[in-house]
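Chemist: Take a look at the following structure, please.
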Amino acid sequence: MITINSVYHDYGGKGHYAVTDISFSVESGKIFGFLGPSGAGKSTVQNIMTGLIPLQRGEVLYDGKSVKALNTKFFNQIGVSFEQPNVYAKLTGYENLKYFAALFSVPTHDPMKLLDRVGLRESAHKKASEYSKGMRQRLTLARALINKPKYLFLDEPTSGLDPSTAANVRELIREQRDSGAAVFLTTHNMELADSLCDTVAFLYNGKVAAMDSPEVLKRQYGKRLVTVVYDEVGNERSKSFDMDDRKALAEFLLSVNPVKIHSQEATLEEIFLRVTGKELKS
Amino acid sequence: MSGILALGIQDFKRLLTNALFWVITATLVLIIVLINFALPENISEEGYHIFSYYTDYYADQTTAVSSEEELRQAVKENGTIGLLGNDDGSITVLNPGLSEKTVRAMMTVLHDPSDTYVEVESINENNTAIPFNKRMTPVFICFEALIIGFILGGALMLSEKEEGTIRAMRIAPMGADKYLISKTVLFSIIAVLYALLMAFFCIGFDFSIFHFVLLSFFGASIFSLIGLAFTTFFRDMSSWFFSMALLLSVNMLPVVAYSEPSFSPLWLRMIPSYSLIFAYENILFGMGRSLLPTVFTVIGWSIGAYLISRFVVGRYLLSKGRR
């Protein structure tokens with residue numbers, strides 16, 4: 001389990017905090033979604049957690065051990081997929097994975113099987129410089145998985161991918177969760193978060209604005225609505241009712257000629273807007 | 001160990017796609033051709049001559065001229081020595097740029113009050129027989145083959161920075177040791193091959209290959225390690241290239257001492273290439289000097305360079321906690 005307690009970070013050292021009082025935990029076998037617009041502080045928190053940025057204040061614990069006390073061998077257990085694909089452009093996809101596999105002192109995946117899993121088998125022997133952005137993104141993801149990580153950090157893993165490939169990547173992430181990895185997913189893609197995450201946290205202006213499971217957040221912040229589409233002299237019209245106001249709904253249904261009825265729940269996007277007052281993609 | 005080997009192999013593949021690697025390889029061929037076909041075998045003795053005016057000094061290769069102006073002109077045009085007699089009986093030695101030490105030694109012989117005949121004999125048979133072009137081989141080995149790791153190690157590190165792969169390494173369980181050893185061993189092996197090629201084609205096979213390989217391997221290691229530590233502080237090729245060229249120029253200064261052994265101040269002897277260049281001369285031409293001081297110097301430099309690189313690369317390049 002990864003535990004974050006009251007983490008702050010000030011890049012300039014002048015009291016302007018990029019992130020403030022961040023606390024959460026990522027359990028093994030769970031996916032934790034860290035959601036927020038660009039500049040909210042998502043990458044800062046991820047970089048502190050992976051040790052790329054020094055921990056200034058607060059605690060980051062891996063199974064109870066502080067990130068400050070961890071030695072080089074600990075990094076055998078971590079996998080990180082960066083938002084910007086960073087691979088050796090002059091090496092092939094296969095060679096890239098072979099190179100990074102050699103850095104670990106734990107059993108690693110067969111590079112070719114992994115490339116096959118992310119849909120790059122046919123391009124395995126092409127230089128990474130010839131890959132499209134989406135292909136490089138998948139190669140970066142494969143690299144993050146090469147050491148069978150116990151803690152997996154994914155930064156916008158489906159960015160730039162077509163729907164079919166994105167679905168494949170989603171399945172791969174679920175597999176990592178099911179195999180017991182603690183997955184930390186950073187994204188501003190609410191659909192992705194909704195479909196994958198056991199818990200999500202909304203980060204806004206360097207602070208956690210809300211945090212819970214998507215279902216609870218929807219219940220807590222969203223309105224459960226029932227929309228009735230009805231016929232009015234040849235024209236289709238609709239009206240929404242609060243699901244708890246069943247009496248009004250029943251009276252309305254008796255008074256019109258309903259065409260269809262469907263329930264609606266708030267999306268994470270709408271909840272984010274409600275919690276922060278800002279759109280997520282801004 | 002297998003990890004270091006795998007890293008070395010992948011680095012070698014990256015190297016094969018690096019333009020600088022092929023430039024250095026082409027330079028190697030060019031140098032071999034230059035030594036064998038362009039540089040003369042003898043430049044110092046050809047046209048050796050002394051001009052004199054207003055002196056009673058005479059020897060076989062001395063030509064008396066009729067005026068001071070003519071003497072100065074002859075020295076300038078022929079790049080040789082002129083003896084100018086003065087009214088008070090003293091002699092001024094006009095020279096095209098000899099060291100003061102050489103001139104004083106010559107004057108001492110000229111003005112020796114005894115009539116003792118001075119004979120000079122070299123106990124090293126090879127010493128006098130080394131052609132000029134062959135004598136340049138140690139210089140080219142030092143400043144072409146051995147610095148391969150300095151240049152290419154830096155180039156590979158900078159591409160890792162520019163591609164962002166260095167960030168992925170920072171979150172991998174790789175310490176500075178693995179990073180440094182994989183690259184240093186690769187470049188040292190390449191340097192040994194290049195140095196051997198240069199020696200075989202320019203000198204032949206009549207030297208201790210064992211000593212030569214050891215010297216080349218550790219000499220190249222020193223330069224690779226220094227290069228990796230140095231490059232750590234640069235972000236891109238453009239800012240690095242100028243500084244790298246400057247540092248390599250300083251490293252080439254011992255050529256002065258090699259050409260003019262009387263000039264070897266302490267600061268020049270402190271430059272790593274100083275010991276290496278004379279050690280190559282010793283091995284390739286059988287100068288008969290002890291190799292022990294070179295062994296100590298190279299070991300000292302290797303340990304020092306490794307410790308410095310380990311600190312710099314570990315702290316400033318691969319350190320967790322850097323962006």
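Here's how to read the names in the structure tokens: chain A, B, ... by the order shown, residue numbers from 1 in each chain, ligand numbers from 1 in the order shown.
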Mind checking which residues fall within 12 Å of Val80 of chain A, counting only C-alpha atoms, ignoring those fewer than 3 positions away in the same chain, and posting them as a PyMOL selection string?
Modeler: (chain A and resi 43+46-47+49-52+75-77+83-86+137+139-157+183-186) or (chain B and resi 165+167-172)
Chemist: Need the shell around Ala155 of chain B: protein/DNA/RNA residues with any atom at most 10 Å away, counting only C-alpha atoms. Skip same-chain ones fewer than 3 positions apart. Format as a list in words?
Modeler: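 Once the adjacent positions are removed, what remains is Leu15, Asn18, Ala19, Leu20, Phe21, Gly149, Phe150, Ile151, Leu152, Leu158, Ser159, Glu160, Lys161, Gly227, Leu228, Thr231, Asp236, Met237, Trp240 and Phe241 of chain B.
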Chemist: Could those selected residues go to a file with C-alpha atoms, as a compact mmCIF listing (two decimals), in the first residue's frame?
Modeler:
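File written: part25.txt
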```
# COMPACT_ATOMS: atom_id res chain seq x y z
CA LEU B 15 26.55 4.10 -31.08
CA ASN B 18 25.58 8.01 -34.04
CA ALA B 19 27.24 10.23 -36.66
CA LEU B 20 30.10 11.15 -34.32
CA PHE B 21 31.11 7.50 -34.07
CA GLY B 149 34.80 7.57 -24.67
CA PHE B 150 35.06 11.21 -23.73
CA ILE B 151 33.30 12.32 -26.91
CA LEU B 152 30.90 9.44 -27.56
CA LEU B 158 23.14 14.02 -24.04
CA SER B 159 20.81 12.03 -26.29
CA GLU B 160 19.45 10.33 -23.15
CA LYS B 161 18.76 13.75 -21.69
CA GLY B 227 33.85 12.75 -20.09
CA LEU B 228 30.74 11.29 -18.45
CA THR B 231 28.82 16.00 -19.64
CA ASP B 236 22.31 19.86 -24.92
CA MET B 237 24.90 19.25 -27.58
CA TRP B 240 28.53 20.92 -24.48
CA PHE B 241 30.46 20.85 -27.73
```
Chemist: Leaving out His9 of chain A and any residue of its chain fewer than 3 positions from it, which residues lie within 12 Å of it when counting only C-alpha atoms, given as a ChimeraX atom specification?
Modeler: /A:6,12-22,41-49,53-59,206-207
Chemist: Residues of chain B within 10 Å of chain A, using only C-alpha atoms, as a PyMOL selection string?
Modeler: chain B and resi 1-11+13-18+159-175+178-179+318-323
Chemist: When you draw a straight line from atom CA of Ala279 of chain B to atom CA of Leu215 of chain B, how long is it in Å?
Modeler: 8.0 Å
Chemist: Using DSSP on the backbone coordinates, identify all residues within segment 39-176 of chain A classified as strand (DSSP E); present the result as a VMD selection string.
Modeler: chain A and resid 57 to 62 65 to 66 78 to 81 151 to 155
Chemist: Selection from above, N, CA and C atoms, as a PDB file, in the first residue's frame, can you write it?
Modeler:
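Now in result07.pdb:
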```
ATOM      1  N   ARG A  57       7.976  18.060   2.509  1.00  0.00           N
ATOM      2  CA  ARG A  57       7.175  18.089   3.743  1.00  0.00           C
ATOM      3  C   ARG A  57       6.082  17.040   3.630  1.00  0.00           C
ATOM      4  N   GLY A  58       5.827  16.345   4.720  1.00  0.00           N
ATOM      5  CA  GLY A  58       4.816  15.299   4.714  1.00  0.00           C
ATOM      6  C   GLY A  58       5.461  13.926   4.634  1.00  0.00           C
ATOM      7  N   GLU A  59       4.659  12.933   4.316  1.00  0.00           N
ATOM      8  CA  GLU A  59       5.142  11.547   4.313  1.00  0.00           C
ATOM      9  C   GLU A  59       4.677  10.827   3.046  1.00  0.00           C
ATOM     10  N   VAL A  60       5.575  10.023   2.483  1.00  0.00           N
ATOM     11  CA  VAL A  60       5.183   9.083   1.432  1.00  0.00           C
ATOM     12  C   VAL A  60       5.692   7.722   1.891  1.00  0.00           C
ATOM     13  N   LEU A  61       4.764   6.810   2.132  1.00  0.00           N
ATOM     14  CA  LEU A  61       5.149   5.503   2.675  1.00  0.00           C
ATOM     15  C   LEU A  61       4.781   4.381   1.707  1.00  0.00           C
ATOM     16  N   TYR A  62       5.710   3.479   1.513  1.00  0.00           N
ATOM     17  CA  TYR A  62       5.438   2.261   0.738  1.00  0.00           C
ATOM     18  C   TYR A  62       5.427   1.101   1.721  1.00  0.00           C
ATOM     19  N   LYS A  65       7.165   2.019   4.805  1.00  0.00           N
ATOM     20  CA  LYS A  65       8.540   2.537   4.762  1.00  0.00           C
ATOM     21  C   LYS A  65       8.571   3.862   4.019  1.00  0.00           C
ATOM     22  N   SER A  66       9.252   4.824   4.621  1.00  0.00           N
ATOM     23  CA  SER A  66       9.312   6.152   4.011  1.00  0.00           C
ATOM     24  C   SER A  66      10.084   6.113   2.689  1.00  0.00           C
ATOM     25  N   ILE A  78       8.831  -0.690  -8.889  1.00  0.00           N
ATOM     26  CA  ILE A  78       8.067   0.436  -9.435  1.00  0.00           C
ATOM     27  C   ILE A  78       8.038   0.410 -10.966  1.00  0.00           C
ATOM     28  N   GLY A  79       6.902   0.769 -11.521  1.00  0.00           N
ATOM     29  CA  GLY A  79       6.802   0.953 -12.966  1.00  0.00           C
ATOM     30  C   GLY A  79       6.148   2.304 -13.214  1.00  0.00           C
ATOM     31  N   VAL A  80       6.740   3.089 -14.112  1.00  0.00           N
ATOM     32  CA  VAL A  80       6.188   4.424 -14.381  1.00  0.00           C
ATOM     33  C   VAL A  80       6.021   4.615 -15.888  1.00  0.00           C
ATOM     34  N   SER A  81       4.814   4.997 -16.279  1.00  0.00           N
ATOM     35  CA  SER A  81       4.571   5.351 -17.676  1.00  0.00           C
ATOM     36  C   SER A  81       4.345   6.855 -17.715  1.00  0.00           C
ATOM     37  N   TYR A 151       4.023  -1.496  -7.706  1.00  0.00           N
ATOM     38  CA  TYR A 151       3.426  -0.154  -7.682  1.00  0.00           C
ATOM     39  C   TYR A 151       3.520   0.417  -9.097  1.00  0.00           C
ATOM     40  N   LEU A 152       2.377   0.677  -9.687  1.00  0.00           N
ATOM     41  CA  LEU A 152       2.377   1.117 -11.084  1.00  0.00           C
ATOM     42  C   LEU A 152       1.832   2.540 -11.190  1.00  0.00           C
ATOM     43  N   PHE A 153       2.604   3.415 -11.788  1.00  0.00           N
ATOM     44  CA  PHE A 153       2.216   4.818 -11.966  1.00  0.00           C
ATOM     45  C   PHE A 153       1.960   5.074 -13.445  1.00  0.00           C
ATOM     46  N   LEU A 154       0.761   5.507 -13.758  1.00  0.00           N
ATOM     47  CA  LEU A 154       0.407   5.727 -15.160  1.00  0.00           C
ATOM     48  C   LEU A 154      -0.068   7.161 -15.344  1.00  0.00           C
ATOM     49  N   ASP A 155       0.594   7.871 -16.228  1.00  0.00           N
ATOM     50  CA  ASP A 155       0.246   9.267 -16.478  1.00  0.00           C
ATOM     51  C   ASP A 155      -0.397   9.363 -17.860  1.00  0.00           C
TER      52      ASP A 155
END
```
Chemist: Could you jot down the atom CA of Ala124 of chain A to atom CA of Ile189 of chain B separation for me, Å, one decimal place?
Modeler: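 If I compute the distance from atom CA of Ala124 of chain A to atom CA of Ile189 of chain B, I get 29.3 Å.
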